[in-house]
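I have placed the structure first, in the form of structure tokens, so that the comments after it can refer back to it.
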Amino acid sequence: MSHSKHTKRGHSLYIEKWDGAAKKYINTCILCGHQGYDPMIEDKEFRRNARNKVIYKELTKTLTVMHLDEFGRCETCAVMPLHEK
């Protein structure tokens with residue numbers, strides 16, 4: 001059976017089931033809940049070992065880069081006034 005039958009579209013079986021530690025490289029906005037990968041995985045130093053190369057491949061395949069500010073907000077939520085949220 002193919003692995004695609006075990007996960008929803010846009011999710012990675014590797015991240016969900018096999019390497020839960022890779023979830024620490026997923027950024028989540030504390031206000032809107034949007035998710036993306038941490039920009040630090042794009043650094044060549046991060047991808048030196050085989051495990052990190054797989055993490056990079058899986059995260060960039062399913063998510064987009066997401067920068068968070070010091071409060072844990074995505075760029076969209078950071079520019080919105082507080083009363084609009």
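A note on labels: chains of the structure tokens are A, B, ... as shown, every chain counts residues from 1, and ligands are counted from 1 in their shown order.
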
Write out as a ChimeraX atom specification each polymer residue whose atoms come within 10 Å of His67 of chain A, counting only C-alpha atoms; drop sequence neighbours fewer than 6 positions from it.
/A:27-29,35-40,73-75

Could you work out how far atom CA of Cys32 of chain A lies from atom CA of Ala78 of chain A, giving the answer in Å with one decimal?
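Separating atom CA of Ala78 of chain A from atom CA of Cys32 of chain A is a distance of 10.6 Å.
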
Could you produce a table of the residues of segment 52-84 of chain A lying within 12 Å of segment 20-25 of chain A, with the nearest pair of atoms per residue and their separation in Å rounded to one decimal, using only C-alpha atoms, ordered by chain and increasing residue number, as a Markdown table?
| residue | atom | partner | partner_atom | distance |
| --- | --- | --- | --- | --- |
| A:Asn52 | CA | A:Ala22 | CA | 8.6 |
| A:Lys53 | CA | A:Ala22 | CA | 11.1 |
| A:Val54 | CA | A:Ala22 | CA | 9.6 |
| A:Ile55 | CA | A:Ala22 | CA | 6.3 |
| A:Tyr56 | CA | A:Ala22 | CA | 9.1 |
| A:Lys57 | CA | A:Ala22 | CA | 11.3 |
| A:Glu58 | CA | A:Ala22 | CA | 9.4 |
| A:Leu59 | CA | A:Tyr25 | CA | 8.3 |
| A:Thr60 | CA | A:Tyr25 | CA | 10.9 |
| A:Leu63 | CA | A:Tyr25 | CA | 10.9 |
| A:Thr64 | CA | A:Tyr25 | CA | 11.9 |
| A:Val65 | CA | A:Tyr25 | CA | 10.5 |
| A:Met66 | CA | A:Tyr25 | CA | 10.4 |
| A:His67 | CA | A:Tyr25 | CA | 11.5 |

Save the residues we just selected, all heavy atoms, as a CSV table (one decimal), in the first residue's frame?
chain,number,residue,atom,x,y,z
A,52,ASN,N,19.1,15.6,8.6
A,52,ASN,CA,18.7,17.0,8.4
A,52,ASN,C,18.3,17.3,6.9
A,52,ASN,O,17.5,18.1,6.6
A,52,ASN,CB,19.7,18.0,8.9
A,52,ASN,CG,19.7,18.1,10.4
A,52,ASN,OD1,18.9,17.5,11.0
A,52,ASN,ND2,20.7,18.8,10.9
A,53,LYS,N,19.0,16.6,6.0
A,53,LYS,CA,18.7,16.7,4.6
A,53,LYS,C,17.3,16.2,4.3
A,53,LYS,O,16.5,16.8,3.5
A,53,LYS,CB,19.7,15.9,3.7
A,53,LYS,CG,21.0,16.6,3.6
A,53,LYS,CD,21.9,15.8,2.7
A,53,LYS,CE,23.3,16.4,2.7
A,53,LYS,NZ,24.3,15.6,1.9
A,54,VAL,N,16.9,15.1,4.9
A,54,VAL,CA,15.6,14.6,4.8
A,54,VAL,C,14.5,15.5,5.4
A,54,VAL,O,13.5,15.7,4.8
A,54,VAL,CB,15.5,13.1,5.4
A,54,VAL,CG1,14.0,12.6,5.4
A,54,VAL,CG2,16.4,12.2,4.6
A,55,ILE,N,14.8,16.0,6.6
A,55,ILE,CA,13.9,17.0,7.2
A,55,ILE,C,13.7,18.2,6.3
A,55,ILE,O,12.6,18.6,6.0
A,55,ILE,CB,14.5,17.4,8.6
A,55,ILE,CG1,14.4,16.3,9.6
A,55,ILE,CG2,13.7,18.6,9.1
A,55,ILE,CD1,15.1,16.6,10.9
A,56,TYR,N,14.8,18.7,5.7
A,56,TYR,CA,14.7,19.9,4.8
A,56,TYR,C,13.8,19.5,3.6
A,56,TYR,O,12.9,20.3,3.2
A,56,TYR,CB,16.1,20.3,4.3
A,56,TYR,CG,16.1,21.3,3.3
A,56,TYR,CD1,15.9,22.7,3.6
A,56,TYR,CD2,16.2,21.0,1.9
A,56,TYR,CE1,15.8,23.6,2.6
A,56,TYR,CE2,16.2,21.9,0.9
A,56,TYR,CZ,16.0,23.3,1.3
A,56,TYR,OH,15.9,24.2,0.3
A,57,LYS,N,14.1,18.4,3.0
A,57,LYS,CA,13.3,18.0,1.8
A,57,LYS,C,11.8,17.8,2.1
A,57,LYS,O,11.0,18.3,1.4
A,57,LYS,CB,13.8,16.6,1.3
A,57,LYS,CG,13.1,16.1,0.1
A,57,LYS,CD,13.7,14.7,-0.3
A,57,LYS,CE,12.7,14.1,-1.3
A,57,LYS,NZ,12.9,12.7,-1.3
A,58,GLU,N,11.5,17.2,3.2
A,58,GLU,CA,10.1,17.0,3.6
A,58,GLU,C,9.4,18.3,3.9
A,58,GLU,O,8.2,18.5,3.6
A,58,GLU,CB,10.0,16.0,4.7
A,58,GLU,CG,10.3,14.6,4.4
A,58,GLU,CD,9.4,14.0,3.3
A,58,GLU,OE1,8.2,14.2,3.4
A,58,GLU,OE2,9.9,13.3,2.4
A,59,LEU,N,10.0,19.1,4.7
A,59,LEU,CA,9.4,20.4,5.1
A,59,LEU,C,9.2,21.3,3.9
A,59,LEU,O,8.1,22.0,3.8
A,59,LEU,CB,10.2,21.1,6.2
A,59,LEU,CG,10.1,20.4,7.6
A,59,LEU,CD1,11.0,21.1,8.6
A,59,LEU,CD2,8.7,20.3,8.1
A,60,THR,N,10.2,21.4,3.1
A,60,THR,CA,10.1,22.4,1.9
A,60,THR,C,9.1,21.8,0.9
A,60,THR,O,8.5,22.6,0.1
A,60,THR,CB,11.4,22.6,1.3
A,60,THR,OG1,12.0,21.4,0.9
A,60,THR,CG2,12.3,23.4,2.3
A,63,LEU,N,5.5,22.6,3.1
A,63,LEU,CA,5.2,23.9,3.7
A,63,LEU,C,6.0,25.0,3.0
A,63,LEU,O,6.9,24.7,2.2
A,63,LEU,CB,5.6,23.9,5.2
A,63,LEU,CG,4.9,22.9,6.1
A,63,LEU,CD1,5.6,22.8,7.4
A,63,LEU,CD2,3.5,23.3,6.3
A,64,THR,N,5.7,26.3,3.3
A,64,THR,CA,6.5,27.4,2.8
A,64,THR,C,7.2,28.0,4.0
A,64,THR,O,6.9,27.7,5.2
A,64,THR,CB,5.5,28.5,2.2
A,64,THR,OG1,4.6,28.9,3.2
A,64,THR,CG2,4.8,28.0,1.0
A,65,VAL,N,8.2,28.8,3.7
A,65,VAL,CA,9.0,29.4,4.7
A,65,VAL,C,8.1,30.4,5.5
A,65,VAL,O,7.2,31.0,5.0
A,65,VAL,CB,10.2,30.2,4.1
A,65,VAL,CG1,9.9,31.3,3.3
A,65,VAL,CG2,11.2,30.6,5.2
A,66,MET,N,8.4,30.5,6.8
A,66,MET,CA,7.6,31.3,7.7
A,66,MET,C,8.4,32.0,8.7
A,66,MET,O,9.0,31.3,9.6
A,66,MET,CB,6.4,30.5,8.4
A,66,MET,CG,5.5,31.4,9.2
A,66,MET,SD,4.2,30.3,9.8
A,66,MET,CE,3.2,31.5,10.5
A,67,HIS,N,8.5,33.3,8.7
A,67,HIS,CA,9.3,34.0,9.7
A,67,HIS,C,8.3,34.4,10.8
A,67,HIS,O,7.2,34.8,10.5
A,67,HIS,CB,9.9,35.3,9.1
A,67,HIS,CG,10.8,35.0,7.9
A,67,HIS,ND1,12.1,34.7,8.1
A,67,HIS,CD2,10.6,34.9,6.6
A,67,HIS,CE1,12.7,34.5,7.0
A,67,HIS,NE2,11.8,34.6,6.0

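Interatomic distance, atom CA of Gly72 of chain A against atom CA of Ile26 of chain A: 12.1 Å.
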